[in-house]
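Written below as structure tokens is the structure these notes are about.
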Amino acid sequence: MVRLSFRAGAAPFALLALFSPAWAQSQPEPASAEEVQALRDEVRALEAQVRSLRDQLAALAAQPLATAPAAPPPGPAPAAPTRSQNLMNPAISAVFQAIGNTSLRREDEANGFDLSEAEIAFQSVVDPYAKVDLFVSFPSGDTPEVEEASVSTLSLPASLQLKGGRFKNAFGKWNTLHTHAFFTVDRPDALVNFFGEESFTTDGLSLSVLIPNPWDLYLESTTEAGTALGGTSFNDAHHDWTGLQRLSAFFNTTSNSTVEVGLSGAWGKAGPSETTIREIEEAGLSGSLQPADVLDSAVAGLDVTWKWKPLHQNTYRSFVWQTEMLRSRRDVELLVPGPALEQETISSLGGYSYLEWQFAKRWRGGLRYDWSGFPDSETDGEQSAVAVVRFHPSEFQELRFQIKQTRRNESAALRLSADEEDTRIYFEWIPVIGAHGAHKY
Amino acid sequence: MSQQLQVLFLPFLACLVVTGIHVYLGIHVISRKVIFVDIALAQIAAVGATVAFLLGHDPRSEAAYFFSLGFAILAAVIFALTRTKHERVPQEAVIGLTYATAAAAAILLADISPHGAEHLHDLLAGSIVWVTPGQILKTAVLYAAIGIFHVLFRKRFLLISLRPEEAYAQGINVRLWDFLFYLSFGVVITSAVQIAGVLLVFCYLVAPAVFAVMFFEDLKRRLITGWAMATVVSAVGLFFSYDRPSGPTIMVCFAVALGLGGLARAIHRAPSRSRALATAAASLAVAAGFGWSLFYFRPAHSPHAGDEVEASLSLAGSPEHSVGQGIDELRRALRDTHENVRARAVTDLAATGDHRIVPDLVGALHDQSAAVRESAASALSRLGDPSALPALKHGLTNRDEDEWVKLQMAEAVAGMGGKDGVPVLLDLARNADAMLTRLQALTFLSKILTVPGPVPPEPDSPEGDARLRKIEERWKKEGSRLKWDAPSGCYREEH
Amino acid sequence: MSGSRHFALLPGLALAAICAFPAASFSAGGRVRVVATLPNLGSIASAVAGDRIDLTTIAVGTQDAHFVDPKPSYMVKLRNADLLLVNGLDLEIGWVPPLTQGARNPKILLGAPGYLDCSSGIRVMEIPSSLSRAEGDVHPYGNPHYLTDPLNAEVVAGTIAEALKRVDPAGAEAYEAGRKAFVKKLHEAVFGKDLVDLAGGAKLSREAAAGTLDGFLDGTSLGGAPLRSRLGGWLGKMQAIRGKPVISYHKDYSYFAGRFGIRVVEYVEPKPGIQPSAKHLEDLVQLLSRGEIHLILTRPYVEHRSTDSLAEKAGVKVITLPLEVGGAPEATDYFRLFDFATDRIVQALDGRPSPGGR
């Protein structure tokens with residue numbers, strides 16, 4: 001009984017449900033004619049707006065700065081200005097170096113980590129005739145100094161280039177590098193011992209010429225003259241002239257590898273050598289014996305660089321082997337029984353050999369072997385072995401991790417007040433900001 | 001077909017693995033009469049995965065799994081704690097609230113990340129089709145372990161599920177065993193949600209169990225029925241889901257199976273089978289009719305009032321009330337450095353139909369860009385304003401002009417009665433490089449000199465050549481006598 | 001010893017004095033010495049000027065144009081050049097300045113008449129609104145790979161022809177004829193000879209540059225059929241795969257994609273110049289597994305491990321296409337470069353069997 005009435009009751013609802021969609025969808029739309037007209041107008045106006053906005057957007061998205069078309073229009077086509085380098089502003093960049101080093105012997109005072117140097121570079125082409133390079137470095141805890149400031153010509157005839165001002169001498173390959181462009185954290189011992197803590201720098205003139213030859217080889221001759229800034233080999237107090245001559249040749253041995261060979265020679269005057277001063281002091285004759293303060297000094301060098309970079313994929317693999325050998329010939333005054341000072345010509349040798357292998361796009365590993373005498377001594381000597389890993393998170397940042405082991409003979413250790421055997425660990429971080437110009441090859 | 005089967009084989013295996021333990025747990029859950037707990041736990045596991053996703057973990061990573069598990073365990077604790085002896089607040093309410101909160105939280109969290117909506121969708125619908133053999137193996141091992149745990153303590157679990165009063169009476173720590181139950185539940189569900197998604201997990205827990213409970217009383221028969229039904233329906237559901245999201249498809253199949261099962265049971269149990277069958281048939285008919293009416297009475301076009309408006313717009317033609325402000329803006333656009341903007345401005349200015357802009361178009365005739373000049377010439381041709389004639393005639397004198405631009409200019413000139421246009425058109429019809437240009441010139445000449453007959457589509461064909469020669473001769477003989485007759489748009493003899 | 005060192009400098013000065021004599025011209029008499037930084041520019045210059053120039057190209061087609069080493073031997077090539085063709089938009093900013101500044105040739109310094117920036121007149125895409133290295137190695141003046149759109153070669157040919165006319169006025173007619181011939185051949189290659197005969201290359205090129213080519217082809221009909229049915233050449237070939245999404249290694253396909261209608265939706269490099277990380281590769285696998293993208297485009301000078309791994313995990317094809325002439329043995333000139341590229345892309349996306357290999 002109940003069931004029946006339930007069904008009877010449910011039936012009308014079922015029918016209602018059945019036809020409700022039909023009913024809902026057949027209702028007329030309640031829009032008035034005015035509303036429609038207003039909507040029409042609005043849509044029209046919006047359409048025009050959208051069209052003009054779309055065109056403006058397209059125009060903004062692809063804006064050339066020069067509008068001269070190259071297809072022949074009725075009328076002459078004006079020359080389009082170049083856009084690539086803004087001639088007005090110099091390329092300004094800053095390179096920061098933070099170097100930390102520690103010796104395995106913890107008591108060493110030289111341990112530490114500091115923002116060791118910030119170098120700011122201004123490089124610009126002045127006009128079609130000259131360009132200017134200015135490098136100022138701000139070593140931590142020291143006054144800023146001008147590392148290089150030079151004007152170079154760009155359009156002398158006969159493949160000449162003249163540079164004037166302060167510049168790093170073109171001796172070998174490593175001397176002209178700025179610290180952030182080094183392969184390793186430190187400079188090779190030989191360069192430090194022969195030229196001083198800073199690189200061999202001159203205030204003067206440099207003339208370089210590309211020698212024409214029938215084989216179209218890159219043959220360059222560089223002649224430089226001026227006054228050297230301090231250092232060890234050319235540090236006479238009167239700042240006499242120092243000259244340098246370099247010849248280099250560059251060979252494309254295969255499409256993937258190049259060899260560069262260079263011969264350098266520098267001549268100048270040096271003051272009293274360290275050995276002389278030390279011997280005089282030890283003998284207690286500081287007041288009575290005056291060493292000569294202008295003595296001949298010359299350094300010659302041979303450098304060979306072999307670079308291998310596969311033409312395609314050159315960002316992923318490369319190989320460098322660079323070797324420089326230096327020979328110094330210098331007049332040194334030595335203490336002889338008398339007591340007197342006797343001049344002697346002392347020759348010493350030094351050099352380094354560096355091998356680097358790039359095994360991934362951002363990773364390089366290198367090994368360097370240094371051997372070095374000292375220009376004013378025939379007996380002192382030291383050798384070092386260096387292993388370095390370099391990581392470039394991007395083109396503008398570098399991290400270097402280096403281990404260096406040095407062995408010195410007794411006299412060298414005494415002279416440097418250092419240990420006979422020393423192991424140091426270095427860590428360096430180099431970020432570059434700004435439009436840093438491209439480095440030479 | 002076989003490719004279809006190949007692709008579906010792994011998901012089917014996954015379904016089997018999931019079925020195994022879910023049917024068992026589902027039967028427990030139904031006996032406890034807390035159905036909602038499984039979807040709540042599944043949703044909470046999903047919230048855990050969403051949090052992991054927001055923190056940057058990949059949704060399929062280990063980290064996301066542990067996040068889900070963590071959240072699920074937390075939920076298990078809450079559920080265990082809130083099951084009171086005297087049930088003042090029904091536990092179902094607590095669980096329902098937890099589910100709603102978790103769902104809301106998931107939506108809010110997903111809103112933060114730009115890919116959140118996709119991720120949510122993935123979590124709900126699951127991606128059983130993309131399951132890897134590794135995932136299946138891991139899940140199978142985990143489930144086996146939990147299965148063993150439950151088999152070992154089955155008596156205890158059954159007691160607290162089916163006869164909780166006895167359990168309390170026996171002094172068993174019901175809370176602890178509840179917690180262990182929910183904990184194992186949570187682990188099972190977390191793994192399942194990763195492969196199958198929230199909806200499907202709920203479905204596997206409840207649907208086969210409901211089906212089984214409908215027909216049988218004892219656990220063993222229920223388990224077997226549940227497993228059998230789940231297997232069959234999974235297979236059918238996967239088969240139909242080849243082109244559709246698999247999770248929801250399988251779920252709908254479960255619903256249909258349940259419906260059919262329910263119907264069958266009702267008919268079977270009804271005192272009068274025939275009447276029951278009739279009722280069933282009537283209900284199905286009503287349902288079918290409902291669906292049919294939805295379909296039949298749908299509107300012919302998309303149900304938007306704006307449709308009418310759109311249709312009328314295309315008939316309306318150029319808008320008359322483009323304000324003076326619009327023209328000024330277009331004039332500015334004519335001086336833009338970008339040639340596309342200028343060309344567009346020319347077209348838009350011409351479309352206003354306002355003759356004040358003719359001087360601007362005339363200026364555009366001298367533009368550097370051929371595209372702009374072409375637009376300007378064709379616009380002036382359409383507008384037919386004679387004040388543009390001098391500039392157009394001057395433009396014709398440029399020998400190096402692009403032939404399309406020349407064509408437009410010549411048509412404009414000739415179409416306004418400037419006879420200088422005709423020799424240019426004749427020259428284009430004979431010597432232009434592009435065939436379309438020659439054809440267009442020939443067609444226009446035929447029109448303005450009323451040459452009868454259709455213009456052949458190949459201007460270089462013998463008919464086309466003949467037509468052109470006829471026109472050239474006619475112009476040579478009668479050209480000076482012909483006068484432009486504006487109303488008819490052609491050149492006629494003077495009377 | 002004291003005086004001798006002064007004499008040691010003499011040989012160097014003497015050499016300089018010797019070189020002060022007017023340097024003998026070492027290249028074949030009478031021809032304009034043109035140096036192109038990149039092979040595409042060289043190919044276009046060669047087509048325009050033919051025998052009137054003595055052409056040298058610095059980079060090779062298989063090299064990455066961003067990272068060419070500025071070897072001193074290139075300076076020698078530049079020393080005697082009359083005209084230097086540069087792609088511009090800072091593509092070669094890493095290696096051309098040291099070469100021009102060390103080449104001791106005032107004619108080819110930046111700003112001098114012999115330094116030709118071939119990007120003048122090009123509609124540049126992707127000019128960044130804000131510049132920061134946080135976005136990777138961004139090109140500040142816009143995307144420099146404009147020669148991947150063959151219609152830009154029309155503009156470049158004009159620029160080169162004008163420059164040659166300035167440097168060598170006697171050859172003005174020959175350069176103009178060369179330019180016209182190159183542009184005609186270009187139009188026929190892009191649109192197909194049939195359509196060029198019908199509508200004229202200049203008109204088609206204008207419409208394409210304005211973005212209205214589709215409207216023109218669909219709206220104009222001839223003999224009952226729309227002009228589009230007569231479209232041939234590279235555009236006709238690529239019609240079949242218009243709108244299909246692809247992934248590219250570096251952001252150097254933008255102009256190509258804009259012209260030929262494929263869509264580059266993602267890059268293997270997460271930002272320009274930045275190596276793909278494991279997470280980014282995983283994201284790409286996820287994207288590829290959605291099944292809409294079937295092709296990865298890469299270059300001969302980038303690493304293959306990432307693209308190989310993507311191809312394996314996601315089952316998509318990878319093809320290596322040259323950016324410059326000479327980047328593949330088949331790409332012997334600018335036209336063959338696009339023949340090759342369009343063939344490979346259409347084969348890869350259309351499902352027809354490819355002639356084998358990458």
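As shown in the structure tokens, the chain order sets the letters A, B, ...; within each chain, residues go from 1, and ligands are also counted from 1 in the order they appear.
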Can you check which residues of chain B have any atom within 12 Å of chain C? Use only C-alpha atoms and format it as a short mmCIF file (atom, residue, chain, number, x, y, z; two decimals) with C-alpha atoms, in the first residue's frame.
data_model
loop_
_atom_site.label_atom_id
_atom_site.label_comp_id
_atom_site.auth_asym_id
_atom_site.auth_seq_id
_atom_site.Cartn_x
_atom_site.Cartn_y
_atom_site.Cartn_z
CA GLY B 56 60.25 22.72 -4.74
CA HIS B 57 60.29 18.94 -4.56
CA ASP B 58 59.19 16.92 -7.50
CA PRO B 59 55.76 15.44 -6.82
CA ARG B 60 57.08 11.96 -7.59
CA SER B 61 60.16 12.17 -5.45
CA SER B 127 48.36 9.13 -13.13
CA VAL B 129 48.74 5.28 -16.71
CA TRP B 130 52.27 6.56 -16.14
CA THR B 337 59.31 54.55 -37.09
CA HIS B 338 57.92 51.10 -37.69
CA GLU B 339 56.58 50.55 -41.20
CA ASN B 340 53.95 48.01 -40.15
CA VAL B 341 52.39 50.53 -37.80
CA ARG B 342 52.34 53.14 -40.54
CA ALA B 343 50.78 50.75 -43.06
CA ARG B 344 48.12 49.80 -40.53
CA SER B 369 58.36 51.82 -47.34
CA ALA B 370 56.70 50.22 -50.37
CA ALA B 371 54.14 48.55 -48.11
CA VAL B 372 52.93 51.93 -46.87
CA ARG B 373 52.82 53.43 -50.35
CA GLU B 374 50.83 50.47 -51.60
CA SER B 375 48.31 50.80 -48.78
CA GLU B 401 58.47 52.18 -58.41
CA ASP B 402 57.40 48.74 -57.31
CA GLU B 403 54.88 47.39 -59.82
CA TRP B 404 52.18 46.63 -57.26
CA VAL B 405 52.39 50.18 -55.98
CA LYS B 406 52.30 51.46 -59.54
CA LEU B 407 49.25 49.32 -60.21
CA ALA B 432 54.82 43.49 -65.35
CA ASP B 433 56.90 40.67 -63.84
CA ALA B 434 54.20 39.17 -61.69
CA MET B 435 51.34 37.43 -63.45
CA LEU B 436 48.82 38.66 -60.92
CA THR B 437 49.80 42.23 -61.63
CA ARG B 438 49.31 41.71 -65.35
CA LEU B 439 46.00 40.00 -64.73
CA GLN B 440 44.81 42.72 -62.41
CA VAL B 455 38.73 38.04 -68.47
CA PRO B 456 40.71 34.86 -69.04
CA PRO B 457 42.54 33.69 -65.92
CA GLU B 458 45.78 33.44 -67.91
CA PRO B 459 46.72 36.86 -69.24
CA ASP B 460 49.41 35.26 -71.38
#
Residues near Tyr301 in chain C, cut-off 6 Å, only C-alpha atoms, skip fewer than 6 positions along chain, as number ranges by chain: A: 312-313; C: 63-64
8 Å contact set for Gly50 in chain C, only C-alpha atoms, chain neighbours under 4 positions out, as a PyMOL selection string: chain C and resi 45-46+178
Let's have the selection written as a compact mmCIF listing (two decimals), in the first residue's frame, with C-alpha atoms.
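Ended up saving to selection_32.txt:
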# COMPACT_ATOMS: atom_id res chain seq x y z
CA ALA C 45 78.78 38.61 -49.89
CA SER C 46 80.07 36.02 -52.28
CA GLY C 178 74.51 40.64 -58.07
Given only C-alpha atoms as the counted atoms, nearest of C:Val124, C:Leu321, C:Leu295, C:Ala328 to chain A: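 Smallest distance to chain A is found for C:Val124.
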Test item, helix (DSSP H, G or I) assignment across range 102-351 of chain C, answer as a PyMOL selection string: chain C and resi 102+106-108+133-135+146-148+150-167+169-191+193-199+201-210+213-219+227-230+233-241+254-260+278-289+305-314+334-350
Keeping only C-alpha atoms, write the selected residues as a CSV table (one decimal), in the first residue's frame.
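What ended up in again.csv:
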chain,number,residue,atom,x,y,z
C,102,GLY,CA,95.4,44.6,-33.0
C,106,PRO,CA,92.5,51.8,-39.6
C,107,LYS,CA,90.0,51.1,-42.4
C,108,ILE,CA,88.3,48.4,-40.4
C,133,ARG,CA,73.4,38.9,-15.9
C,134,ALA,CA,70.9,37.1,-13.5
C,135,GLU,CA,69.1,36.3,-16.7
C,146,TYR,CA,68.7,37.2,-37.5
C,147,LEU,CA,70.1,35.3,-40.5
C,148,THR,CA,68.0,32.3,-39.4
C,150,PRO,CA,66.1,34.0,-44.9
C,151,LEU,CA,64.1,37.1,-45.6
C,152,ASN,CA,66.6,39.0,-43.5
C,153,ALA,CA,69.2,38.0,-45.9
C,154,GLU,CA,67.5,40.3,-48.4
C,155,VAL,CA,68.2,43.2,-46.2
C,156,VAL,CA,71.8,42.1,-45.5
C,157,ALA,CA,72.5,41.7,-49.2
C,158,GLY,CA,71.4,45.3,-49.7
C,159,THR,CA,73.6,46.5,-46.9
C,160,ILE,CA,76.6,44.6,-48.2
C,161,ALA,CA,75.9,45.8,-51.8
C,162,GLU,CA,75.8,49.5,-50.7
C,163,ALA,CA,79.0,49.1,-48.7
C,164,LEU,CA,80.8,47.5,-51.7
C,165,LYS,CA,79.6,50.3,-53.9
C,166,ARG,CA,81.1,52.8,-51.5
C,167,VAL,CA,84.4,51.0,-51.3
C,169,PRO,CA,82.5,52.6,-57.0
C,170,ALA,CA,83.7,51.2,-60.3
C,171,GLY,CA,81.8,48.0,-59.6
C,172,ALA,CA,78.5,49.6,-58.6
C,173,GLU,CA,76.6,48.1,-61.5
C,174,ALA,CA,77.9,44.7,-61.0
C,175,TYR,CA,77.1,44.7,-57.3
C,176,GLU,CA,73.6,45.9,-58.0
C,177,ALA,CA,73.1,43.2,-60.5
C,178,GLY,CA,74.5,40.6,-58.1
C,179,ARG,CA,72.2,41.8,-55.3
C,180,LYS,CA,69.2,41.7,-57.6
C,181,ALA,CA,70.1,38.2,-58.7
C,182,PHE,CA,70.6,37.0,-55.1
C,183,VAL,CA,67.3,38.5,-54.0
C,184,LYS,CA,65.4,36.9,-56.8
C,185,LYS,CA,66.9,33.5,-56.1
C,186,LEU,CA,66.1,34.1,-52.4
C,187,HIS,CA,62.5,34.9,-53.1
C,188,GLU,CA,62.1,31.9,-55.3
C,189,ALA,CA,63.6,29.6,-52.7
C,190,VAL,CA,61.4,31.0,-49.9
C,191,PHE,CA,58.1,31.3,-51.8
C,193,LYS,CA,59.2,30.0,-58.3
C,194,ASP,CA,55.5,29.6,-59.2
C,195,LEU,CA,54.3,32.1,-56.6
C,196,VAL,CA,57.1,34.5,-57.4
C,197,ASP,CA,56.1,34.5,-61.0
C,198,LEU,CA,52.5,35.1,-60.0
C,199,ALA,CA,52.7,37.8,-57.4
C,201,GLY,CA,59.0,38.5,-55.0
C,202,ALA,CA,59.0,42.1,-53.7
C,203,LYS,CA,55.3,42.0,-53.0
C,204,LEU,CA,55.5,38.7,-51.2
C,205,SER,CA,58.5,39.8,-49.2
C,206,ARG,CA,56.7,42.9,-48.1
C,207,GLU,CA,53.6,41.0,-47.0
C,208,ALA,CA,55.8,38.5,-45.2
C,209,ALA,CA,57.7,41.3,-43.4
C,210,ALA,CA,54.4,43.0,-42.4
C,213,LEU,CA,51.3,37.1,-45.9
C,214,ASP,CA,48.7,34.7,-44.6
C,215,GLY,CA,45.9,37.2,-45.3
C,216,PHE,CA,47.3,37.9,-48.8
C,217,LEU,CA,47.6,34.2,-49.7
C,218,ASP,CA,44.3,33.2,-48.4
C,219,GLY,CA,42.4,36.3,-49.5
C,227,LEU,CA,47.0,31.8,-53.9
C,228,ARG,CA,48.1,29.7,-50.9
C,229,SER,CA,47.7,26.6,-53.1
C,230,ARG,CA,50.5,27.9,-55.3
C,233,GLY,CA,59.7,26.8,-51.7
C,234,TRP,CA,60.7,26.6,-48.0
C,235,LEU,CA,57.5,28.2,-46.8
C,236,GLY,CA,55.4,25.7,-48.8
C,237,LYS,CA,57.4,22.8,-47.4
C,238,MET,CA,57.1,24.0,-43.8
C,239,GLN,CA,53.3,24.6,-44.1
C,240,ALA,CA,52.7,20.9,-43.2
C,241,ILE,CA,54.2,21.4,-39.7
C,254,SER,CA,63.6,32.8,-32.8
C,255,TYR,CA,63.7,34.4,-36.3
C,256,PHE,CA,63.4,31.0,-38.0
C,257,ALA,CA,60.4,30.1,-35.9
C,258,GLY,CA,58.8,33.4,-36.6
C,259,ARG,CA,59.2,33.0,-40.3
C,260,PHE,CA,58.3,29.3,-40.7
C,278,ALA,CA,69.5,17.8,-13.5
C,279,LYS,CA,66.4,19.5,-12.2
C,280,HIS,CA,65.9,21.4,-15.4
C,281,LEU,CA,66.4,18.2,-17.4
C,282,GLU,CA,63.8,16.5,-15.2
C,283,ASP,CA,61.4,19.3,-15.8
C,284,LEU,CA,61.9,18.9,-19.5
C,285,VAL,CA,61.3,15.2,-19.4
C,286,GLN,CA,58.0,15.9,-17.6
C,287,LEU,CA,57.1,18.5,-20.3
C,288,LEU,CA,58.0,16.1,-23.1
C,289,SER,CA,56.1,13.2,-21.5
C,305,ARG,CA,74.8,14.4,-23.4
C,306,SER,CA,71.8,16.5,-22.3
C,307,THR,CA,69.9,16.1,-25.6
C,308,ASP,CA,70.7,12.4,-25.9
C,309,SER,CA,69.5,11.8,-22.4
C,310,LEU,CA,66.3,13.7,-23.1
C,311,ALA,CA,65.7,11.8,-26.3
C,312,GLU,CA,66.2,8.5,-24.5
C,313,LYS,CA,64.0,9.3,-21.5
C,314,ALA,CA,61.2,11.0,-23.4
C,334,TYR,CA,73.2,29.9,-47.7
C,335,PHE,CA,70.5,28.3,-49.8
C,336,ARG,CA,71.6,24.7,-49.2
C,337,LEU,CA,71.7,25.6,-45.4
C,338,PHE,CA,67.9,26.2,-45.5
C,339,ASP,CA,67.2,23.3,-47.9
C,340,PHE,CA,68.9,21.0,-45.4
C,341,ALA,CA,67.3,22.5,-42.3
C,342,THR,CA,63.8,22.5,-43.7
C,343,ASP,CA,64.1,19.0,-45.0
C,344,ARG,CA,65.3,17.6,-41.7
C,345,ILE,CA,62.7,19.4,-39.7
C,346,VAL,CA,59.8,18.4,-41.9
C,347,GLN,CA,61.0,14.8,-42.0
C,348,ALA,CA,61.3,14.7,-38.3
C,349,LEU,CA,57.9,16.2,-37.5
C,350,ASP,CA,56.0,14.7,-40.4
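For the pair CA of Glu398 in chain A and CA of Glu428 in chain A, the interatomic distance is 8.0 Å.
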Neighbour list for Asp133 in chain A as a list in words, cut-off 8 Å, only C-alpha atoms, skip fewer than 6 positions in-chain: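 The residues that qualify are Ala121, Phe122, Gln123, Ser124, Glu148, Ala149, Ser150 and Val151 of chain A.
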Residue nearest chain A - candidates B:Ala285, B:Ala209, B:Ala377, B:Met409, atoms counted: only C-alpha atoms: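 When distances to chain A are compared using only C-alpha atoms, the smallest one comes from B:Ala285.
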All residues 10 Å or closer to Ile21 in chain B, only C-alpha atoms, same chain fewer than 2 positions away omitted, as a list of chain:residue names: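 Residues meeting the cut-off are B:Leu16, B:Val17, B:Val18, B:Thr19, B:Val23, B:Tyr24, B:Leu25, B:Gly26, B:Ala140, B:Tyr143, B:Ala144, B:Ile146, B:Gly147, B:His150, B:Phe185, B:Val188, B:Tyr204, B:Leu205, B:Leu223, B:Trp227.
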6 Å contact set for range 158-170 of chain B, only C-alpha atoms, chain neighbours under 3 positions out, as a PyMOL selection string: chain B and resi 31-32+154-155
Deliver the residues from the most recent selection as a file, using C-alpha atoms, as a PDB file, in the first residue's frame.
ATOM      1  CA  SER B  31      32.175  -2.133   9.440  1.00  0.00           C
ATOM      2  CA  ARG B  32      33.365   0.789  11.485  1.00  0.00           C
ATOM      3  CA  ARG B 154      43.796  -9.756  12.382  1.00  0.00           C
ATOM      4  CA  LYS B 155      41.859 -10.921  15.363  1.00  0.00           C
TER       5      LYS B 155
END
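When only C-alpha atoms are used to measure the gap to chain C, the shortest distance among A:Pro144, A:Pro90, A:Pro139, A:Pro128 belongs to A:Pro128.
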Strand (DSSP E) residues, from DSSP on the backbone, in range 162-284 of chain A, as a ChimeraX atom specification: /A:162-168,201-210,218-228,241-252,257-270
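Between chain C and the residues A:Ser297, A:Ser318, A:Ser155, A:Asn213, the shortest atom-to-atom distance, using only C-alpha atoms, involves A:Ser155.
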Gap from CA of Lys173 in chain A to CA of Asp303 in chain A - Å, one decimal: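 CA of Asp303 in chain A lies 7.0 Å from CA of Lys173 in chain A.
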Proximity to chain C - best of A:Val146, A:Ala413, A:Ala249, A:Ile346, only C-alpha atoms: A:Ala249
Point-to-point distance from CA of Ser73 in chain C to CA of Pro97 in chain C, Å rounded to tenths: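 CA of Pro97 in chain C lies at a distance of 14.5 Å from CA of Ser73 in chain C.
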Selected residue of minimal separation from chain A among B:Asp485, B:Asp360, B:Glu329, B:Asp427, counting only C-alpha atoms: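 Going through B:Asp485, B:Asp360, B:Glu329, B:Asp427 one by one, the smallest distance to chain A is for B:Glu329.
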Polymer residues at most 8 Å from Glu324 in chain C, only C-alpha atoms, same-chain spacing of 4 or more positions, as number ranges by chain: C: 38-40, 61-62, 334, 337
Would you output that residue set with N, CA and C atoms, as a PDB file, in the first residue's frame?
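Written out: out.pdb:
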ATOM      1  N   LEU C  38      81.638  35.672 -40.010  1.00  0.00           N
ATOM      2  CA  LEU C  38      80.915  34.404 -39.976  1.00  0.00           C
ATOM      3  C   LEU C  38      80.575  33.926 -41.389  1.00  0.00           C
ATOM      4  N   PRO C  39      80.492  32.609 -41.584  1.00  0.00           N
ATOM      5  CA  PRO C  39      80.306  32.066 -42.927  1.00  0.00           C
ATOM      6  C   PRO C  39      79.008  32.506 -43.617  1.00  0.00           C
ATOM      7  N   ASN C  40      77.915  32.738 -42.869  1.00  0.00           N
ATOM      8  CA  ASN C  40      76.682  33.164 -43.538  1.00  0.00           C
ATOM      9  C   ASN C  40      76.895  34.491 -44.253  1.00  0.00           C
ATOM     10  N   GLY C  61      81.865  27.158 -39.912  1.00  0.00           N
ATOM     11  CA  GLY C  61      80.454  26.882 -39.655  1.00  0.00           C
ATOM     12  C   GLY C  61      80.186  25.989 -38.456  1.00  0.00           C
ATOM     13  N   THR C  62      81.149  25.168 -38.075  1.00  0.00           N
ATOM     14  CA  THR C  62      80.917  24.257 -36.962  1.00  0.00           C
ATOM     15  C   THR C  62      81.281  24.879 -35.624  1.00  0.00           C
ATOM     16  N   TYR C 334      74.304  29.459 -48.453  1.00  0.00           N
ATOM     17  CA  TYR C 334      73.165  29.916 -47.670  1.00  0.00           C
ATOM     18  C   TYR C 334      71.879  29.211 -48.069  1.00  0.00           C
ATOM     19  N   LEU C 337      71.853  25.618 -46.899  1.00  0.00           N
ATOM     20  CA  LEU C 337      71.678  25.609 -45.444  1.00  0.00           C
ATOM     21  C   LEU C 337      70.202  25.446 -45.089  1.00  0.00           C
TER      22      LEU C 337
END
